[in-house]
$ cat upload01.pdb   # PDB, C-alpha atoms
ATOM      1  CA  MET A1440       0.000   0.000   0.000
ATOM      2  CA  TRP A1441       0.957   3.623  -0.179
ATOM      3  CA  ILE A1442       0.606   6.559   2.169
ATOM      4  CA  TYR A1443       0.462  10.079   0.790
ATOM      5  CA  GLU A1444       2.657  12.695   2.381
ATOM      6  CA  LYS A1445       1.492  16.278   1.996
ATOM      7  CA  LYS A1446       4.722  17.740   0.654
ATOM      8  CA  LEU A1447       6.839  17.596  -2.504
ATOM      9  CA  GLU A1448      10.093  15.646  -2.672
ATOM     10  CA  TYR A1449      11.720  18.875  -3.871
ATOM     11  CA  PRO A1450      10.067  22.316  -3.967
ATOM     12  CA  VAL A1451       8.404  23.763  -7.091
ATOM     13  CA  LYS A1452       7.744  27.497  -6.858
ATOM     14  CA  ILE A1453       7.246  29.080 -10.274
ATOM     15  CA  LYS A1454       6.297  32.745 -10.128
ATOM     16  CA  THR A1455       5.878  33.548 -13.816
ATOM     17  CA  PRO A1456       3.343  31.613 -15.927
ATOM     18  CA  ASN A1457       4.800  30.213 -19.125
ATOM     19  CA  PRO A1458       2.362  28.096 -21.149
ATOM     20  CA  LYS A1459       5.009  27.495 -23.807
ATOM     21  CA  MET A1460       7.190  25.769 -21.193
ATOM     22  CA  ALA A1461       4.176  23.876 -19.823
ATOM     23  CA  LYS A1462       3.602  22.473 -23.301
ATOM     24  CA  VAL A1463       6.980  20.722 -23.295
ATOM     25  CA  VAL A1464       7.415  19.969 -19.561
ATOM     26  CA  ILE A1465       4.155  17.991 -19.688
ATOM     27  CA  THR A1466       5.997  15.315 -21.656
ATOM     28  CA  GLN A1467       7.589  14.181 -18.380
ATOM     29  CA  TYR A1468       4.060  13.768 -17.004
ATOM     30  CA  GLY A1469       2.493  11.616 -19.709
ATOM     31  CA  GLY A1470       5.153  11.216 -22.416
ATOM     32  CA  PRO A1471       7.207   8.203 -23.582
ATOM     33  CA  ASP A1472      10.073   8.737 -21.117
ATOM     34  CA  GLY A1473       8.016  10.425 -18.423
ATOM     35  CA  GLU A1474       7.536   9.813 -14.734
ATOM     36  CA  LEU A1475       4.177   8.054 -15.051
ATOM     37  CA  ALA A1476       5.690   5.507 -17.441
ATOM     38  CA  ALA A1477       8.693   5.081 -15.143
ATOM     39  CA  SER A1478       6.595   4.451 -12.061
ATOM     40  CA  LEU A1479       4.223   2.058 -13.804
ATOM     41  CA  ARG A1480       7.137   0.189 -15.380
ATOM     42  CA  TYR A1481       9.042  -0.466 -12.136
ATOM     43  CA  LEU A1482       6.014  -1.106  -9.943
ATOM     44  CA  SER A1483       4.739  -3.665 -12.481
ATOM     45  CA  GLN A1484       8.096  -5.369 -12.996
ATOM     46  CA  ARG A1485       8.761  -5.866  -9.277
ATOM     47  CA  PHE A1486       6.324  -8.789  -9.020
ATOM     48  CA  SER A1487       8.536 -11.051 -11.126
ATOM     49  CA  MET A1488      11.917  -9.628 -10.033
ATOM     50  CA  VAL A1489      14.512 -11.875  -8.361
ATOM     51  CA  THR A1490      16.905 -11.161  -5.444
ATOM     52  CA  PRO A1491      15.977  -9.055  -2.400
ATOM     53  CA  GLU A1492      18.180  -6.170  -3.589
ATOM     54  CA  ALA A1493      16.599  -5.864  -7.045
ATOM     55  CA  ARG A1494      13.024  -6.278  -5.772
ATOM     56  CA  ALA A1495      13.489  -3.471  -3.234
ATOM     57  CA  THR A1496      15.179  -1.294  -5.878
ATOM     58  CA  LEU A1497      12.171  -1.594  -8.226
ATOM     59  CA  ASN A1498       9.695  -1.035  -5.401
ATOM     60  CA  ASP A1499      11.390   2.059  -4.026
ATOM     61  CA  ILE A1500      12.426   3.728  -7.294
ATOM     62  CA  GLY A1501       8.885   3.068  -8.604
ATOM     63  CA  THR A1502       7.614   4.875  -5.531
ATOM     64  CA  GLU A1503      10.015   7.805  -5.915
ATOM     65  CA  GLU A1504       8.832   8.214  -9.521
ATOM     66  CA  LEU A1505       5.341   8.943  -8.189
ATOM     67  CA  ALA A1506       6.833  11.808  -6.200
ATOM     68  CA  HIS A1507       8.476  13.028  -9.429
ATOM     69  CA  LEU A1508       5.151  12.749 -11.263
ATOM     70  CA  GLU A1509       3.705  15.038  -8.615
ATOM     71  CA  MET A1510       6.547  17.541  -9.080
ATOM     72  CA  ILE A1511       6.013  17.623 -12.856
ATOM     73  CA  GLY A1512       2.243  17.971 -12.420
ATOM     74  CA  THR A1513       2.941  20.856 -10.064
ATOM     75  CA  MET A1514       5.230  22.501 -12.629
ATOM     76  CA  VAL A1515       2.597  22.245 -15.373
ATOM     77  CA  TYR A1516      -0.096  23.534 -13.006
ATOM     78  CA  GLN A1517       1.973  26.532 -11.926
ATOM     79  CA  LEU A1518       3.151  27.271 -15.484
ATOM     80  CA  VAL A1519      -0.415  27.570 -16.837
ATOM     81  CA  LYS A1520      -2.068  29.038 -13.768
ATOM     82  CA  GLY A1521      -2.735  32.723 -14.389
ATOM     83  CA  ALA A1522      -1.782  32.533 -18.064
ATOM     84  CA  SER A1523      -4.163  34.615 -20.172
ATOM     85  CA  ILE A1524      -6.041  33.214 -23.176
ATOM     86  CA  ASP A1525      -3.818  35.340 -25.416
ATOM     87  CA  GLU A1526      -0.688  33.854 -23.835
ATOM     88  CA  ILE A1527      -2.118  30.347 -24.201
ATOM     89  CA  LYS A1528      -2.862  31.027 -27.881
ATOM     90  CA  ALA A1529       0.562  32.512 -28.493
ATOM     91  CA  ALA A1530       2.183  29.472 -26.891
ATOM     92  CA  GLY A1531       0.260  27.099 -29.148
ATOM     93  CA  LEU A1532      -1.421  25.584 -26.118
ATOM     94  CA  ASP A1533      -4.927  26.366 -27.446
ATOM     95  CA  PRO A1534      -5.619  22.789 -28.671
ATOM     96  CA  TYR A1535      -4.780  21.540 -25.171
ATOM     97  CA  TYR A1536      -6.924  24.274 -23.648
ATOM     98  CA  ALA A1537      -9.876  23.187 -25.790
ATOM     99  CA  ASP A1538      -9.819  19.744 -24.202
ATOM    100  CA  HIS A1539      -8.470  20.401 -20.696
ATOM    101  CA  ASP A1540      -8.643  24.123 -19.884
ATOM    102  CA  ARG A1541      -5.804  24.562 -17.362
ATOM    103  CA  GLY A1542      -6.155  21.027 -15.996
ATOM    104  CA  VAL A1543      -3.242  18.604 -15.951
ATOM    105  CA  TYR A1544      -3.664  15.659 -18.340
ATOM    106  CA  PRO A1545      -1.039  12.990 -19.191
ATOM    107  CA  ILE A1546       0.164  13.621 -22.736
ATOM    108  CA  SER A1547       3.510  13.940 -24.491
ATOM    109  CA  ALA A1548       4.967  17.224 -25.746
ATOM    110  CA  ALA A1549       3.491  16.410 -29.151
ATOM    111  CA  GLY A1550       0.037  15.859 -27.623
ATOM    112  CA  ASN A1551      -0.123  12.057 -27.693
ATOM    113  CA  PRO A1552      -2.121  10.682 -24.769
ATOM    114  CA  PHE A1553      -0.350   8.445 -22.294
ATOM    115  CA  THR A1554      -0.207   4.774 -23.242
ATOM    116  CA  ALA A1555       1.088   1.637 -21.509
ATOM    117  CA  ALA A1556       2.809   0.890 -24.832
ATOM    118  CA  TYR A1557       5.603   3.176 -23.547
ATOM    119  CA  ILE A1558       6.649   0.541 -21.006
ATOM    120  CA  GLN A1559       7.569  -3.105 -20.844
ATOM    121  CA  SER A1560       7.331  -5.737 -18.137
ATOM    122  CA  LYS A1561       8.853  -8.824 -19.642
ATOM    123  CA  GLY A1562       8.857 -11.301 -16.764
ATOM    124  CA  ASN A1563      12.610 -11.754 -17.159
ATOM    125  CA  PRO A1564      14.778  -9.948 -14.598
ATOM    126  CA  ILE A1565      17.727  -9.295 -16.934
ATOM    127  CA  VAL A1566      15.516  -7.961 -19.718
ATOM    128  CA  ASP A1567      13.609  -5.700 -17.320
ATOM    129  CA  LEU A1568      16.708  -4.241 -15.654
ATOM    130  CA  TYR A1569      18.285  -3.427 -19.037
ATOM    131  CA  GLU A1570      15.013  -1.753 -20.047
ATOM    132  CA  ASN A1571      15.125   0.320 -16.863
ATOM    133  CA  MET A1572      18.709   1.455 -17.353
ATOM    134  CA  ALA A1573      17.774   2.585 -20.877
ATOM    135  CA  ALA A1574      14.641   4.289 -19.509
ATOM    136  CA  GLU A1575      16.663   6.272 -16.958
ATOM    137  CA  GLN A1576      19.066   7.435 -19.677
ATOM    138  CA  LYS A1577      16.177   8.446 -21.943
ATOM    139  CA  ALA A1578      14.593  10.414 -19.109
ATOM    140  CA  ARG A1579      17.936  12.075 -18.308
ATOM    141  CA  ALA A1580      18.277  13.133 -21.961
ATOM    142  CA  THR A1581      14.705  14.483 -21.953
ATOM    143  CA  TYR A1582      15.473  16.605 -18.892
ATOM    144  CA  GLU A1583      18.541  17.961 -20.672
ATOM    145  CA  TRP A1584      16.502  18.919 -23.753
ATOM    146  CA  LEU A1585      13.941  20.567 -21.425
ATOM    147  CA  LEU A1586      16.759  22.444 -19.685
ATOM    148  CA  ASN A1587      17.894  23.674 -23.119
ATOM    149  CA  LEU A1588      14.397  25.102 -23.624
ATOM    150  CA  ALA A1589      14.124  26.717 -20.167
ATOM    151  CA  ASP A1590      15.330  30.159 -19.105
ATOM    152  CA  ASP A1591      13.478  30.740 -15.803
ATOM    153  CA  PRO A1592      15.544  29.751 -12.711
ATOM    154  CA  ASP A1593      12.282  28.651 -11.019
ATOM    155  CA  VAL A1594      11.820  26.103 -13.814
ATOM    156  CA  ILE A1595      15.485  25.156 -14.208
ATOM    157  CA  ASP A1596      15.987  24.325 -10.524
ATOM    158  CA  PRO A1597      13.471  21.439 -10.194
ATOM    159  CA  LEU A1598      14.393  20.153 -13.680
ATOM    160  CA  LYS A1599      18.024  19.886 -12.575
ATOM    161  CA  PHE A1600      17.009  17.993  -9.448
ATOM    162  CA  LEU A1601      14.938  15.545 -11.515
ATOM    163  CA  ARG A1602      17.774  15.065 -14.000
ATOM    164  CA  GLU A1603      20.121  14.158 -11.153
ATOM    165  CA  ARG A1604      17.665  11.579  -9.856
ATOM    166  CA  GLU A1605      17.758   9.821 -13.253
ATOM    167  CA  VAL A1606      21.527   9.517 -12.925
ATOM    168  CA  VAL A1607      21.238   8.009  -9.417
ATOM    169  CA  HIS A1608      18.496   5.589 -10.484
ATOM    170  CA  PHE A1609      20.596   4.451 -13.456
ATOM    171  CA  GLN A1610      23.430   3.711 -11.039
ATOM    172  CA  ARG A1611      21.166   1.733  -8.672
ATOM    173  CA  PHE A1612      19.662  -0.289 -11.559
ATOM    174  CA  GLY A1613      23.183  -1.055 -12.796
ATOM    175  CA  GLU A1614      24.095  -2.380  -9.354
ATOM    176  CA  ALA A1615      20.874  -4.399  -9.201
ATOM    177  CA  LEU A1616      21.638  -5.874 -12.633
ATOM    178  CA  ARG A1617      25.085  -7.003 -11.474
ATOM    179  CA  ILE A1618      23.598  -8.586  -8.347
ATOM    180  CA  VAL A1619      20.970 -10.415 -10.427
ATOM    181  CA  GLN A1620      23.579 -11.601 -12.929
ATOM    182  CA  ASP A1621      25.734 -12.976 -10.089
ATOM    183  CA  TYR A1622      22.693 -14.676  -8.623
ATOM    184  CA  LEU A1623      21.679 -16.284 -11.926
ATOM    185  CA  ASP A1624      25.266 -17.402 -12.630
ATOM    186  CA  SER A1625      25.775 -18.925  -9.194
ATOM    187  CA  ARG A1626      25.569 -22.701  -8.958
ATOM    188  CA  ARG A1627      22.550 -23.694  -7.030
ATOM    189  CA  GLN A1628      22.199 -27.248  -5.834
ATOM    190  CA  PHE A1629      18.678 -28.570  -5.808
ATOM    191  CA  THR A1630      19.498 -32.237  -5.055
ATOM    192  CA  MET A1631      20.178 -33.845  -1.685
ATOM    193  CA  PRO A1632      23.912 -34.351  -1.203
ATOM    194  CA  LYS A1633      24.866 -38.006  -1.011
ATOM    195  CA  PRO A1634      25.796 -39.345   2.420
ATOM    196  CA  LYS A1635      29.470 -39.770   3.282
ATOM    197  CA  GLY A1636      31.152 -42.731   1.621
ATOM    198  CA  MET A1637      28.625 -42.817  -1.241
ATOM    199  CA  GLU A1638      30.026 -39.958  -3.379
TER     200      GLU A1638
ATOM    201  CA  MET B 184       3.919  33.270   4.043
ATOM    202  CA  ASP B 185       5.205  32.021   7.361
ATOM    203  CA  SER B 186       8.986  31.992   7.089
ATOM    204  CA  ASN B 187       9.298  29.674  10.098
ATOM    205  CA  ARG B 188       7.131  27.149   8.316
ATOM    206  CA  GLU B 189       9.235  27.459   5.171
ATOM    207  CA  GLU B 190      12.444  26.958   7.114
ATOM    208  CA  LEU B 191      11.099  23.912   8.950
ATOM    209  CA  LEU B 192       9.765  22.418   5.710
ATOM    210  CA  LYS B 193      13.130  22.991   4.084
ATOM    211  CA  GLN B 194      14.971  21.184   6.892
ATOM    212  CA  LEU B 195      12.459  18.336   6.849
ATOM    213  CA  SER B 196      12.689  18.014   3.054
ATOM    214  CA  ALA B 197      16.488  17.889   3.231
ATOM    215  CA  LEU B 198      16.394  15.142   5.873
ATOM    216  CA  ASP B 199      13.753  13.150   4.026
ATOM    217  CA  PHE B 200      15.802  13.374   0.856
ATOM    218  CA  THR B 201      18.783  11.990   2.762
ATOM    219  CA  VAL B 202      16.575   9.103   3.864
ATOM    220  CA  ILE B 203      15.373   8.394   0.294
ATOM    221  CA  GLU B 204      18.910   8.478  -1.075
ATOM    222  CA  LEU B 205      20.287   6.175   1.636
ATOM    223  CA  ASN B 206      17.259   3.886   1.247
ATOM    224  CA  LEU B 207      18.070   3.350  -2.438
ATOM    225  CA  TYR B 208      21.793   2.976  -1.762
ATOM    226  CA  LEU B 209      21.247   0.436   1.022
ATOM    227  CA  ASN B 210      18.990  -1.646  -1.231
ATOM    228  CA  THR B 211      22.055  -2.598  -3.268
ATOM    229  CA  HIS B 212      24.600  -2.248  -0.398
ATOM    230  CA  PRO B 213      22.762  -3.859   2.547
ATOM    231  CA  ARG B 214      26.002  -4.528   4.448
ATOM    232  CA  ASP B 215      27.404  -0.989   4.398
ATOM    233  CA  ARG B 216      27.431  -0.286   8.142
ATOM    234  CA  ASN B 217      28.402   3.346   7.737
ATOM    235  CA  ALA B 218      25.524   4.076   5.377
ATOM    236  CA  LEU B 219      23.136   2.160   7.612
ATOM    237  CA  MET B 220      24.179   4.258  10.589
ATOM    238  CA  LYS B 221      23.611   7.451   8.609
ATOM    239  CA  TYR B 222      20.213   6.156   7.519
ATOM    240  CA  ASN B 223      19.130   5.386  11.086
ATOM    241  CA  THR B 224      20.314   8.780  12.303
ATOM    242  CA  ALA B 225      18.509  10.650   9.512
ATOM    243  CA  VAL B 226      15.278   8.723  10.170
ATOM    244  CA  GLU B 227      15.379   9.624  13.875
ATOM    245  CA  GLN B 228      16.075  13.293  13.122
ATOM    246  CA  SER B 229      13.331  13.369  10.500
ATOM    247  CA  LYS B 230      10.826  11.865  12.967
ATOM    248  CA  MET B 231      11.500  14.669  15.448
ATOM    249  CA  LEU B 232      11.216  17.425  12.819
ATOM    250  CA  ARG B 233       8.071  15.833  11.399
ATOM    251  CA  MET B 234       6.438  15.896  14.842
ATOM    252  CA  GLU B 235       7.409  19.522  15.278
ATOM    253  CA  TYR B 236       6.090  20.463  11.809
ATOM    254  CA  GLU B 237       2.792  18.681  12.356
ATOM    255  CA  ARG B 238       2.301  20.193  15.801
ATOM    256  CA  ARG B 239       2.662  23.682  14.341
ATOM    257  CA  TYR B 240       1.282  23.418  10.808
ATOM    258  CA  GLY B 241      -1.031  20.411  10.649
ATOM    259  CA  PRO B 242      -0.914  16.810   9.461
ATOM    260  CA  LEU B 243       1.523  15.592   6.796
ATOM    261  CA  THR B 244      -0.371  12.322   6.366
ATOM    262  CA  ALA B 245      -3.938  11.188   6.919
ATOM    263  CA  TYR B 246      -2.601   7.947   8.346
ATOM    264  CA  TYR B 247       0.096   8.457  10.965
ATOM    265  CA  SER B 248      -0.902  11.998  11.914
ATOM    266  CA  THR B 249      -3.494  13.089  14.444
ATOM    267  CA  SER B 250      -5.568  16.215  13.829
ATOM    268  CA  SER B 251      -6.961  19.020  15.965
ATOM    269  CA  TYR B 252     -10.638  20.001  15.519
ATOM    270  CA  PRO B 253     -11.928  20.434  12.903
ATOM    271  CA  TRP B 254     -10.263  17.847  10.616
ATOM    272  CA  GLN B 255      -7.095  19.658   9.470
ATOM    273  CA  TRP B 256      -6.084  17.408   6.580
ATOM    274  CA  ILE B 257      -8.295  19.235   4.052
ATOM    275  CA  CYS B 258      -6.751  22.638   4.757
ATOM    276  CA  ASN B 259      -4.829  24.580   2.118
ATOM    277  CA  PRO B 260      -2.165  24.870   0.936
ATOM    278  CA  TRP B 261      -1.529  21.586  -0.889
ATOM    279  CA  PRO B 262       1.968  20.773  -2.145
ATOM    280  CA  TRP B 263       1.204  21.858  -5.713
ATOM    281  CA  HIS B 264       0.170  25.337  -4.586
ATOM    282  CA  TYR B 265       2.676  28.125  -5.077
ATOM    283  CA  SER B 266       2.292  29.237  -1.454
ATOM    284  CA  PHE B 267       3.103  25.787  -0.049
ATOM    285  CA  ASN B 268       6.687  25.672  -1.259
ATOM    286  CA  PHE B 269       9.915  27.370  -0.383
ATOM    287  CA  ARG B 270      12.303  28.560  -3.070
ATOM    288  CA  LEU B 271      15.706  26.938  -3.609
ATOM    289  CA  ALA B 272      16.478  28.385  -7.054
ATOM    290  CA  GLY B 273      19.590  30.541  -6.940
ATOM    291  CA  GLU B 274      20.874  28.928  -3.744
ATOM    292  CA  GLU B 275      24.004  26.869  -3.626
ATOM    293  CA  CYS B 276      23.265  23.181  -3.404
TER     294      CYS B 276
END

$ encode --input "upload01.pdb" --output "C-alpha cells"
Amino acid sequence: MWIYEKKLEYPVKIKTPNPKMAKVVITQYGGPDGELAASLRYLSQRFSMVTPEARATLNDIGTEELAHLEMIGTMVYQLVKGASIDEIKAAGLDPYYADHDRGVYPISAAGNPFTAAYIQSKGNPIVDLYENMAAEQKARATYEWLLNLADDPDVIDPLKFLREREVVHFQRFGEALRIVQDYLDSRRQFTMPKPKGME
Amino acid sequence: MDSNREELLKQLSALDFTVIELNLYLNTHPRDRNALMKYNTAVEQSKMLRMEYERRYGPLTAYYSTSSYPWQWICNPWPWHYSFNFRLAGEEC
C-alpha cells in the first residue's frame, strides 16, 4: 500500500506563468520517457523480479517516480495558472486548452495521450533491468533537452534535481543488474547431497 | 507566508531526501554499516522534525498523523500550490 505525504520531494515554486514551457514539460508527465511511465514500469516489474536487492530497488524507485510525477504535475499547473487566453494562444497551447482548460492531463509534448505501450514488463529480470537502465538514460536526456528550452531559474531548478535523480536511479539499476547476474550465474544445488562414503 | 514554516519544511525536506537516497543505496549495499548508521540517524532526526512540523502546521499524512478540531487534513495549501513551497532556485546546493 501507499501513504500520501502532503509535501513535494523537492520544492516547485514558479512565479511567472509560461504556457510554452508547460507544453513541453508535460511530456515528463504523460510522455514516452516520463515519470508516469517510469513508475508504472518499475512497480509492475517488481512482481517477477529476483533477489531481495533488485526487488526493493524496483519497489522504491517506482515509488520515488510517483513523487516526481507530482513535481512535474505541479510545474505544469503553476506554469499555466494565471496565463491569459492570449498567452495560451501565443504558446500554441490552445488545442490543449480546448480539451483540458488549465487542468493537468497525461500527454507527451506532441500531444499524444499516455499509453502503456511506452513501457515493458517482460517477466525476465535481466531484460527488465536493461530496459530500466535505458529508460533512466532516456529520461535524463529528456530533462537535458527541457533544460535547453528553459530560461526561468524557477523552472530550471526542479528540472536539474529531476535530471540528477535519473543519474542516481541508473546507477542503482546497474548495481541491481550485477547482483541479479551474479545470482543467476551462481551454482545452485537442488538435489540432496549423497551421504558420506557414497560420493 | 510564514517563514518559520518554510524553514522547517526545508529542513524536513532535506532530511527526508537523505533518507530516500540512503534507502536506495542500502537496497544494493545492505552490508554498508556506515551508510546504515547514517540512515538510522537521519530517520530519527526526520521523525522529530516531522512531529514539530505537524504540531505547528497540521498533518503531513492522513494515516500516521493526528488532527486538531476540525479535521485539518483538508486545509490549504496543498503541495502543488505556489504558497506551499519554499524557493531553492539561486541557492548553492

$ resolve_selection --input "upload01.pdb" --expression "the PyMOL selection byres ((chain A) within 10 of (chain B))" --output "NGL selection string"
:A and (1442-1454 or 1491-1500 or 1503 or 1509-1517 or 1520 or 1591-1597 or 1604 or 1607-1608 or 1610-1618)

$ atom_distance --input "upload01.pdb" --atom1 "atom CA of A:His1539" --atom2 "atom CA of A:Pro1456"
17.0 Å

$ residues_around --input "upload01.pdb" --residues "A:Asp1533" --least-positions-apart "4" --cutoff "12 Å" --atoms "all atoms listed in the file" --output "NGL selection string"
:A and (1458-1459 or 1462 or 1519 or 1522-1529 or 1537-1541 or 1550)

$ axis_aligned_box --input "upload01.pdb" --around "stretch 1579-1594 of chain A" --padding-each-side "3 Å" --output "AutoDock Vina command-line options"
--center_x 15.2 --center_y 21.4 --center_z -17.4 --size_x 12.7 --size_y 24.7 --size_z 18.7

$ residues_around --input "upload01.pdb" --residues "A:Phe1609" --least-positions-apart "6" --cutoff "8 Å" --atoms "only C-alpha atoms" --output "ChimeraX atom specification"
/A:1571-1572,1575-1576

$ atom_distance --input "upload01.pdb" --atom1 "atom CA of A:Lys1599" --atom2 "atom CA of A:Ser1560"
28.3 Å

$ atom_distance --input "upload01.pdb" --atom1 "atom CA of A:Leu1479" --atom2 "atom CA of A:Gly1501"
7.1 Å

$ closest_residue --input "upload01.pdb" --among "B:Cys258, B:Ser250, B:Tyr240, B:Leu205" --to "B:Asn187" --atoms "only C-alpha atoms"
B:Tyr240

$ residues_near_point --input "upload01.pdb" --point "(5.4, 0.3, -11.0)" --cutoff "9 Å" --atoms "all atoms listed in the file" --output "count of residues only"
17

$ closest_residue --input "upload01.pdb" --among "A:Asp1590, A:Glu1638, A:Asp1621, A:Glu1583" --to "A:Glu1605" --atoms "all atoms listed in the file"
A:Glu1583

$ residues_near_point --input "upload01.pdb" --point "(2.2, 22.9, -28.7)" --cutoff "7 Å" --atoms "all atoms listed in the file" --output "PyMOL selection string"
chain A and resi 1462+1530-1532+1548-1549

$ closest_residue --input "upload01.pdb" --among "B:Asn259, B:Leu198, B:Arg188, B:Lys221" --to "B:Arg238" --atoms "only C-alpha atoms"
B:Arg188

$ decode --input "upload01.pdb" --residues "stretch 1527-1588 of chain A" --atoms "C-alpha atoms" --output "compact mmCIF listing (two decimals), in the first residue's frame"
# COMPACT_ATOMS: atom_id res chain seq x y z
CA ILE A 1527 -2.12 30.35 -24.20
CA LYS A 1528 -2.86 31.03 -27.88
CA ALA A 1529 0.56 32.51 -28.49
CA ALA A 1530 2.18 29.47 -26.89
CA GLY A 1531 0.26 27.10 -29.15
CA LEU A 1532 -1.42 25.58 -26.12
CA ASP A 1533 -4.93 26.37 -27.45
CA PRO A 1534 -5.62 22.79 -28.67
CA TYR A 1535 -4.78 21.54 -25.17
CA TYR A 1536 -6.92 24.27 -23.65
CA ALA A 1537 -9.88 23.19 -25.79
CA ASP A 1538 -9.82 19.74 -24.20
CA HIS A 1539 -8.47 20.40 -20.70
CA ASP A 1540 -8.64 24.12 -19.88
CA ARG A 1541 -5.80 24.56 -17.36
CA GLY A 1542 -6.16 21.03 -16.00
CA VAL A 1543 -3.24 18.60 -15.95
CA TYR A 1544 -3.66 15.66 -18.34
CA PRO A 1545 -1.04 12.99 -19.19
CA ILE A 1546 0.16 13.62 -22.74
CA SER A 1547 3.51 13.94 -24.49
CA ALA A 1548 4.97 17.22 -25.75
CA ALA A 1549 3.49 16.41 -29.15
CA GLY A 1550 0.04 15.86 -27.62
CA ASN A 1551 -0.12 12.06 -27.69
CA PRO A 1552 -2.12 10.68 -24.77
CA PHE A 1553 -0.35 8.44 -22.29
CA THR A 1554 -0.21 4.77 -23.24
CA ALA A 1555 1.09 1.64 -21.51
CA ALA A 1556 2.81 0.89 -24.83
CA TYR A 1557 5.60 3.18 -23.55
CA ILE A 1558 6.65 0.54 -21.01
CA GLN A 1559 7.57 -3.10 -20.84
CA SER A 1560 7.33 -5.74 -18.14
CA LYS A 1561 8.85 -8.82 -19.64
CA GLY A 1562 8.86 -11.30 -16.76
CA ASN A 1563 12.61 -11.75 -17.16
CA PRO A 1564 14.78 -9.95 -14.60
CA ILE A 1565 17.73 -9.30 -16.93
CA VAL A 1566 15.52 -7.96 -19.72
CA ASP A 1567 13.61 -5.70 -17.32
CA LEU A 1568 16.71 -4.24 -15.65
CA TYR A 1569 18.28 -3.43 -19.04
CA GLU A 1570 15.01 -1.75 -20.05
CA ASN A 1571 15.12 0.32 -16.86
CA MET A 1572 18.71 1.46 -17.35
CA ALA A 1573 17.77 2.59 -20.88
CA ALA A 1574 14.64 4.29 -19.51
CA GLU A 1575 16.66 6.27 -16.96
CA GLN A 1576 19.07 7.44 -19.68
CA LYS A 1577 16.18 8.45 -21.94
CA ALA A 1578 14.59 10.41 -19.11
CA ARG A 1579 17.94 12.08 -18.31
CA ALA A 1580 18.28 13.13 -21.96
CA THR A 1581 14.71 14.48 -21.95
CA TYR A 1582 15.47 16.60 -18.89
CA GLU A 1583 18.54 17.96 -20.67
CA TRP A 1584 16.50 18.92 -23.75
CA LEU A 1585 13.94 20.57 -21.42
CA LEU A 1586 16.76 22.44 -19.68
CA ASN A 1587 17.89 23.67 -23.12
CA LEU A 1588 14.40 25.10 -23.62
